[in-house]
Every structure is written in C-alpha cells, then in structure tokens.
file data-v5.cif (mmCIF, C-alpha atoms)
data_run
#
loop_
_atom_site.label_atom_id
_atom_site.label_comp_id
_atom_site.auth_asym_id
_atom_site.auth_seq_id
_atom_site.Cartn_x
_atom_site.Cartn_y
_atom_site.Cartn_z
CA MET A 1 131.94 75.11 67.49
CA LYS A 2 129.16 76.24 69.86
CA GLU A 3 131.68 78.35 71.79
CA LYS A 4 132.66 80.24 68.61
CA VAL A 5 129.03 81.10 67.83
CA PHE A 6 128.21 81.96 71.45
CA ILE A 7 130.94 84.61 71.84
CA PRO A 8 129.84 86.72 68.81
CA LEU A 9 126.24 86.56 70.06
CA ILE A 10 127.30 87.98 73.42
CA LEU A 11 129.26 90.76 71.70
CA LEU A 12 126.31 91.50 69.41
CA PHE A 13 123.94 91.69 72.39
CA ALA A 14 126.33 94.01 74.28
CA PHE A 15 126.59 96.26 71.20
CA PHE A 16 122.83 96.63 70.74
CA SER A 17 122.05 96.93 74.45
CA SER A 18 124.30 100.00 74.63
CA PHE A 19 121.80 101.79 72.33
CA ILE A 20 118.76 100.94 74.43
CA GLN A 21 117.72 103.98 76.43
CA VAL A 22 116.74 103.39 80.05
CA LYS A 23 113.48 105.17 80.83
CA PRO A 24 113.69 107.45 83.86
CA PRO A 25 111.37 106.58 86.75
CA VAL A 26 109.26 109.78 86.79
CA LYS A 27 106.14 108.94 84.80
CA LYS A 28 104.20 112.19 85.17
CA VAL A 29 104.54 115.65 86.70
CA TYR A 30 101.63 117.63 88.15
CA GLY A 31 102.36 121.32 88.78
CA TYR A 32 100.14 124.00 90.30
CA ARG A 33 100.48 127.57 91.44
CA GLN A 34 97.99 129.69 93.33
CA ALA A 35 98.19 133.45 93.78
CA SER A 36 98.40 134.53 97.38
CA ILE A 37 96.04 137.39 98.24
CA PRO A 38 97.75 139.73 100.72
CA GLY A 39 95.99 141.69 103.42
CA ILE A 40 95.24 145.41 103.18
CA LEU A 41 97.95 147.23 101.23
CA PRO A 42 98.73 150.95 101.32
CA ASN A 43 97.60 152.90 98.27
CA TYR A 44 100.00 153.32 95.41
CA SER A 45 99.82 155.21 92.17
CA GLU A 46 98.82 152.99 89.22
CA GLU A 47 100.62 155.28 86.76
CA ASN A 48 104.08 154.73 88.18
CA GLU A 49 103.37 151.81 90.53
CA ILE A 50 104.82 153.73 93.47
CA GLN A 51 103.18 153.96 96.88
CA PRO A 52 102.99 157.28 98.71
CA SER A 53 105.83 156.02 100.91
CA GLY A 54 108.02 155.66 97.78
CA LYS A 55 107.88 151.86 97.69
CA THR A 56 107.09 150.06 94.44
CA LYS A 57 104.06 147.87 93.81
CA PRO A 58 104.29 144.66 95.87
CA LYS A 59 105.42 141.54 94.01
CA GLN A 60 102.74 138.87 93.47
CA ASN A 61 103.44 135.83 95.64
CA TYR A 62 102.37 132.29 94.81
CA ASN A 63 101.88 129.01 96.61
CA TYR A 64 103.26 126.04 94.67
CA TRP A 65 102.53 122.31 94.64
CA PHE A 66 104.47 119.87 92.47
CA TYR A 67 103.77 116.15 92.41
CA LEU A 68 106.01 113.54 90.79
CA GLU A 69 104.51 110.17 89.89
CA LEU A 70 106.86 107.19 89.73
CA LEU A 71 106.69 103.44 90.02
CA LYS A 72 106.03 102.27 93.57
CA THR A 73 109.32 100.35 93.78
CA GLU A 74 111.57 103.19 92.61
CA LYS A 75 113.51 105.57 94.85
CA ILE A 76 114.77 108.96 93.72
CA ASN A 77 116.57 111.82 95.43
CA ILE A 78 115.41 115.30 94.41
CA THR A 79 118.41 117.59 94.13
CA GLY A 80 117.18 120.75 92.37
CA LEU A 81 114.09 122.84 91.71
CA TRP A 82 113.77 125.81 89.35
CA ILE A 83 110.56 127.84 89.03
CA SER A 84 110.47 130.44 86.25
CA GLY A 85 114.27 130.38 86.05
CA ILE A 86 114.89 130.83 89.79
CA ARG A 87 116.43 128.03 91.83
CA HIS A 88 114.68 127.13 95.10
CA ASP A 89 115.47 125.06 98.16
CA ILE A 90 113.39 121.90 98.34
CA LYS A 91 111.11 120.08 100.71
CA ALA A 92 109.58 116.75 99.71
CA ASP A 93 107.04 114.33 101.18
CA THR A 94 105.63 111.02 100.00
CA ILE A 95 101.85 111.19 99.57
CA THR A 96 99.81 108.09 100.43
CA ASP A 97 96.29 109.53 100.65
CA LEU A 98 95.05 109.65 97.04
CA PRO A 99 93.48 111.29 95.17
CA VAL A 100 94.95 114.65 96.21
CA ARG A 101 92.21 117.27 96.44
CA LYS A 102 92.52 121.03 96.91
CA ILE A 103 89.54 122.94 98.26
CA ILE A 104 89.50 126.51 96.96
CA PHE A 105 87.58 128.89 99.19
CA THR A 106 85.54 131.13 96.91
CA GLY A 107 83.91 133.26 99.58
CA MET A 108 80.51 131.97 98.52
CA GLU A 109 78.36 129.20 99.98
CA LYS A 110 79.89 126.51 97.80
CA ASN A 111 83.67 126.10 97.49
CA ASP A 112 85.50 124.68 94.48
CA THR A 113 87.38 121.39 94.70
CA THR A 114 90.20 120.53 92.31
CA ILE A 115 91.69 117.04 92.02
CA MET A 116 95.40 117.75 91.83
CA VAL A 117 96.52 114.11 91.53
CA PRO A 118 94.14 111.29 90.59
CA ALA A 119 94.13 107.96 92.42
CA THR A 120 96.98 105.73 91.24
CA LYS A 121 98.92 102.67 92.35
CA ASN A 122 102.19 104.50 91.69
CA LYS A 123 104.22 106.42 94.27
CA ILE A 124 103.51 110.16 94.51
CA ILE A 125 106.07 112.62 95.86
CA LEU A 126 105.06 116.18 96.78
CA VAL A 127 107.84 118.66 96.06
CA TYR A 128 107.55 122.26 97.16
CA PRO A 129 109.91 125.23 97.43
CA SER A 130 111.11 126.43 100.80
CA GLY A 131 112.67 129.71 99.68
CA GLU A 132 115.04 130.88 96.99
CA SER A 133 118.43 129.19 96.89
CA LYS A 134 121.74 131.01 96.64
CA ILE A 135 123.35 128.02 94.90
CA ASP A 136 123.25 128.25 91.11
CA ASP A 137 125.32 125.35 89.87
CA SER A 138 123.68 123.98 86.73
CA LYS A 139 123.84 125.77 83.38
CA TYR A 140 121.90 122.89 81.85
CA ALA A 141 119.03 123.42 84.31
CA LEU A 142 119.10 127.18 83.68
CA ASN A 143 118.81 126.54 79.94
CA LEU A 144 115.89 124.19 80.57
CA SER A 145 114.23 126.78 82.82
CA ARG A 146 114.25 129.33 80.01
CA GLN A 147 111.87 127.07 78.07
CA ASN A 148 109.91 125.55 81.00
CA GLU A 149 108.19 127.10 83.99
CA LEU A 150 109.21 124.11 86.15
CA VAL A 151 112.46 122.11 86.18
CA VAL A 152 113.11 119.34 88.72
CA ARG A 153 116.49 117.62 88.95
CA TYR A 154 116.80 114.24 90.66
CA THR A 155 119.20 111.33 90.95
CA TRP A 156 118.23 107.75 90.24
CA LYS A 157 120.69 104.85 90.29
CA ASN A 158 123.58 107.33 90.64
CA LYS A 159 122.66 109.23 87.47
CA ILE A 160 121.22 112.74 87.16
CA TYR A 161 117.87 113.25 85.43
CA TYR A 162 115.66 116.26 84.76
CA THR A 163 111.91 116.49 84.39
CA THR A 164 110.14 119.62 83.20
CA MET A 165 106.75 121.24 82.82
CA LYS A 166 106.18 123.96 80.22
CA LYS A 167 103.36 125.73 82.06
CA LEU A 168 102.00 125.29 85.57
CA LYS A 169 98.26 124.99 86.08
CA GLU A 170 96.90 128.16 87.69
CA LEU A 171 94.47 127.71 90.59
CA ASN A 172 92.05 130.43 91.62
CA PRO A 173 93.14 132.26 94.77
CA ASP A 174 91.55 131.39 98.11
CA VAL A 175 89.19 134.04 99.49
CA ARG A 176 89.27 134.08 103.28
CA GLN A 177 87.56 136.45 105.65
#

call {"tool": "encode", "arguments": {"input": "data-v5.cif", "output": "structure tokens"}}
result
Amino acid sequence: MKEKVFIPLILLFAFFSSFIQVKPPVKKVYGYRQASIPGILPNYSEENEIQPSGKTKPKQNYNYWFYLELLKTEKINITGLWISGIRHDIKADTITDLPVRKIIFTGMEKNDTTIMVPATKNKIILVYPSGESKIDDSKYALNLSRQNELVVRYTWKNKIYYTTMKKLKELNPDVRQ
C-alpha cells in the first residue's frame, strides 16, 4: 500500500517542480559611462556641425564599466554585450579588491571619488567593451536593447540568460592637464 501512495507523491512533486523558476545567478548589475574629453579639435560651424575641412562634428566617445554581482560559488560565461543597441566585443575580469572606487579628476585641488561597487561577499565581474562587434546574431537581445541601455548575455549551467539595465549612471568627465 505504501508503494501505491509513494508513486503519486513523486509524480505530484515532479509536476509542481516543473513550475518552479530557477533564479539566475546575477544578483545585481552596476553600469557606468564617462564622457571622454578629446584634445584640441579644429573649429567647426555650430550651425551645420561641419568643420572647415568638411568633416562633421566628432562623435562623443565614452568609457564604460559594467559590474555583475553573483554568488561567490557560481560560474558564468559572458557571451554578449549590447550598449545602446550596438553589439560589442567583450573583456571580463574578476574583481577581488572591494569596494571599487573611481577617482574623478576635477581639475581642482580636491577630486571626486565615486564608489562604483560597494563591499560585498559575492563575486564581482568587471565587463567592458573592447570595440564594436560585427556579429549580430540575437534578435531577442536587439529587442531588449531597444528598451535598455545595457544588455548582457551569459550562459549558466548550459542555459542562456540576459540581464539588463535601463539607464547607465553618468560619471563626470576627468579633467587632465
């Protein structure tokens, strides 16, 4: 009789466990961008944004820092990075020295310091772009990138996951002499 009751319990458990969602390992995303101040630029006309040489106004460049926080025991493989809808090649490093601080040179006597990632017992991975990628293989990621400034794709336990950030935090530019 115990065997007859035991088998339906196993089936019932299997049925309900299929509805339980496994939480992905990335707990939090920290995203920053900082405008890069170029050197001396040739004059250009503000009205039509064209330089005397015929070139258009230079595009604003940014430095980016993205940090993923996950449980210390988890391992993920980052496979995609989209910033403002553009796919980028990836470089990643594990950060052990926490908290992560960024000193912003203001050009004055006292510089600003921003804590980018607070101290935590979790694992922190720094992800940063290393140039635009020619590969554009994910329509799902492109759809996500229309609604989010940052999209990161990663694999965990042989499954693909995405994490997003609606808006990156803007850091003041460094002023260097």

call {"tool": "residues_near_point", "arguments": {"input": "data-v5.cif", "point": "(123.1, 130.3, 97.7)", "cutoff": "10 Å", "atoms": "all atoms listed in the file", "output": "ChimeraX atom specification"}}
result
/A:87-89,132-137

call {"tool": "write_last_selection", "arguments": {"input": "data-v5.cif", "atoms": "C-alpha atoms", "output": "PDB file, keeping the file's coordinate frame"}}
result
ATOM      1  CA  ARG A  87     116.430 128.030  91.830  1.00  0.00           C
ATOM      2  CA  HIS A  88     114.680 127.130  95.100  1.00  0.00           C
ATOM      3  CA  ASP A  89     115.470 125.060  98.160  1.00  0.00           C
ATOM      4  CA  GLU A 132     115.040 130.880  96.990  1.00  0.00           C
ATOM      5  CA  SER A 133     118.430 129.190  96.890  1.00  0.00           C
ATOM      6  CA  LYS A 134     121.740 131.010  96.640  1.00  0.00           C
ATOM      7  CA  ILE A 135     123.350 128.020  94.900  1.00  0.00           C
ATOM      8  CA  ASP A 136     123.250 128.250  91.110  1.00  0.00           C
ATOM      9  CA  ASP A 137     125.320 125.350  89.870  1.00  0.00           C
TER      10      ASP A 137
END

call {"tool": "resolve_selection", "arguments": {"input": "data-v5.cif", "expression": "the PyMOL selection byres ((chain A and resi 94-102) around 12)", "output": "JSON list (two decimals) with C-alpha atoms, in the frame of the given file"}}
result
[["chain", "number", "residue", "atom", "x", "y", "z"],
["A", 30, "TYR", "CA", 101.63, 117.63, 88.15],
["A", 32, "TYR", "CA", 100.14, 124.00, 90.30],
["A", 33, "ARG", "CA", 100.48, 127.57, 91.44],
["A", 34, "GLN", "CA", 97.99, 129.69, 93.33],
["A", 65, "TRP", "CA", 102.53, 122.31, 94.64],
["A", 66, "PHE", "CA", 104.47, 119.87, 92.47],
["A", 67, "TYR", "CA", 103.77, 116.15, 92.41],
["A", 68, "LEU", "CA", 106.01, 113.54, 90.79],
["A", 69, "GLU", "CA", 104.51, 110.17, 89.89],
["A", 70, "LEU", "CA", 106.86, 107.19, 89.73],
["A", 72, "LYS", "CA", 106.03, 102.27, 93.57],
["A", 75, "LYS", "CA", 113.51, 105.57, 94.85],
["A", 76, "ILE", "CA", 114.77, 108.96, 93.72],
["A", 77, "ASN", "CA", 116.57, 111.82, 95.43],
["A", 91, "LYS", "CA", 111.11, 120.08, 100.71],
["A", 92, "ALA", "CA", 109.58, 116.75, 99.71],
["A", 93, "ASP", "CA", 107.04, 114.33, 101.18],
["A", 103, "ILE", "CA", 89.54, 122.94, 98.26],
["A", 104, "ILE", "CA", 89.50, 126.51, 96.96],
["A", 105, "PHE", "CA", 87.58, 128.89, 99.19],
["A", 111, "ASN", "CA", 83.67, 126.10, 97.49],
["A", 112, "ASP", "CA", 85.50, 124.68, 94.48],
["A", 113, "THR", "CA", 87.38, 121.39, 94.70],
["A", 114, "THR", "CA", 90.20, 120.53, 92.31],
["A", 115, "ILE", "CA", 91.69, 117.04, 92.02],
["A", 116, "MET", "CA", 95.40, 117.75, 91.83],
["A", 117, "VAL", "CA", 96.52, 114.11, 91.53],
["A", 118, "PRO", "CA", 94.14, 111.29, 90.59],
["A", 119, "ALA", "CA", 94.13, 107.96, 92.42],
["A", 120, "THR", "CA", 96.98, 105.73, 91.24],
["A", 121, "LYS", "CA", 98.92, 102.67, 92.35],
["A", 122, "ASN", "CA", 102.19, 104.50, 91.69],
["A", 123, "LYS", "CA", 104.22, 106.42, 94.27],
["A", 124, "ILE", "CA", 103.51, 110.16, 94.51],
["A", 125, "ILE", "CA", 106.07, 112.62, 95.86],
["A", 126, "LEU", "CA", 105.06, 116.18, 96.78],
["A", 127, "VAL", "CA", 107.84, 118.66, 96.06],
["A", 128, "TYR", "CA", 107.55, 122.26, 97.16],
["A", 171, "LEU", "CA", 94.47, 127.71, 90.59],
["A", 172, "ASN", "CA", 92.05, 130.43, 91.62],
["A", 173, "PRO", "CA", 93.14, 132.26, 94.77],
["A", 174, "ASP", "CA", 91.55, 131.39, 98.11]]

call {"tool": "atom_distance", "arguments": {"input": "data-v5.cif", "atom1": "CA of Leu150 (chain A)", "atom2": "CA of Ser138 (chain A)"}}
result
14.5 Å

call {"tool": "resolve_selection", "arguments": {"input": "data-v5.cif", "expression": "the PyMOL selection byres ((chain A and resi 165) around 9)", "output": "PyMOL selection string"}}
result
chain A and resi 29-31+148-152+163-164+166-168

call {"tool": "write_last_selection", "arguments": {"input": "data-v5.cif", "atoms": "C-alpha atoms", "output": "PDB file, keeping the file's coordinate frame"}}
result
ATOM      1  CA  VAL A  29     104.540 115.650  86.700  1.00  0.00           C
ATOM      2  CA  TYR A  30     101.630 117.630  88.150  1.00  0.00           C
ATOM      3  CA  GLY A  31     102.360 121.320  88.780  1.00  0.00           C
ATOM      4  CA  ASN A 148     109.910 125.550  81.000  1.00  0.00           C
ATOM      5  CA  GLU A 149     108.190 127.100  83.990  1.00  0.00           C
ATOM      6  CA  LEU A 150     109.210 124.110  86.150  1.00  0.00           C
ATOM      7  CA  VAL A 151     112.460 122.110  86.180  1.00  0.00           C
ATOM      8  CA  VAL A 152     113.110 119.340  88.720  1.00  0.00           C
ATOM      9  CA  THR A 163     111.910 116.490  84.390  1.00  0.00           C
ATOM     10  CA  THR A 164     110.140 119.620  83.200  1.00  0.00           C
ATOM     11  CA  LYS A 166     106.180 123.960  80.220  1.00  0.00           C
ATOM     12  CA  LYS A 167     103.360 125.730  82.060  1.00  0.00           C
ATOM     13  CA  LEU A 168     102.000 125.290  85.570  1.00  0.00           C
TER      14      LEU A 168
END

call {"tool": "closest_residue", "arguments": {"input": "data-v5.cif", "among": "A:Ile90, A:Ser130, A:Thr73, A:Asn61", "to": "Tyr154 (chain A)", "atoms": "all atoms listed in the file"}}
result
A:Ile90

call {"tool": "atom_distance", "arguments": {"input": "data-v5.cif", "atom1": "CA of Pro129 (chain A)", "atom2": "CA of Lys157 (chain A)"}}
result
24.1 Å

call {"tool": "residues_around", "arguments": {"input": "data-v5.cif", "residues": "Pro24 (chain A)", "least_positions_apart": "3", "cutoff": "8 Å", "atoms": "only C-alpha atoms", "output": "PDB file with C-alpha atoms, in the coordinates of the input"}}
result
ATOM      1  CA  LYS A  27     106.140 108.940  84.800  1.00  0.00           C
ATOM      2  CA  TRP A 156     118.230 107.750  90.240  1.00  0.00           C
ATOM      3  CA  TYR A 161     117.870 113.250  85.430  1.00  0.00           C
TER       4      TYR A 161
END

call {"tool": "atom_distance", "arguments": {"input": "data-v5.cif", "atom1": "CA of Asn158 (chain A)", "atom2": "CA of Ser84 (chain A)"}}
result
26.9 Å

call {"tool": "closest_residue", "arguments": {"input": "data-v5.cif", "among": "A:Trp82, A:Pro25, A:Glu170, A:Tyr64", "to": "Lys139 (chain A)", "atoms": "all atoms listed in the file"}}
result
A:Trp82

call {"tool": "closest_residue", "arguments": {"input": "data-v5.cif", "among": "A:Leu81, A:Ile37, A:Leu142, A:Val22", "to": "Lys59 (chain A)", "atoms": "all atoms listed in the file"}}
result
A:Ile37
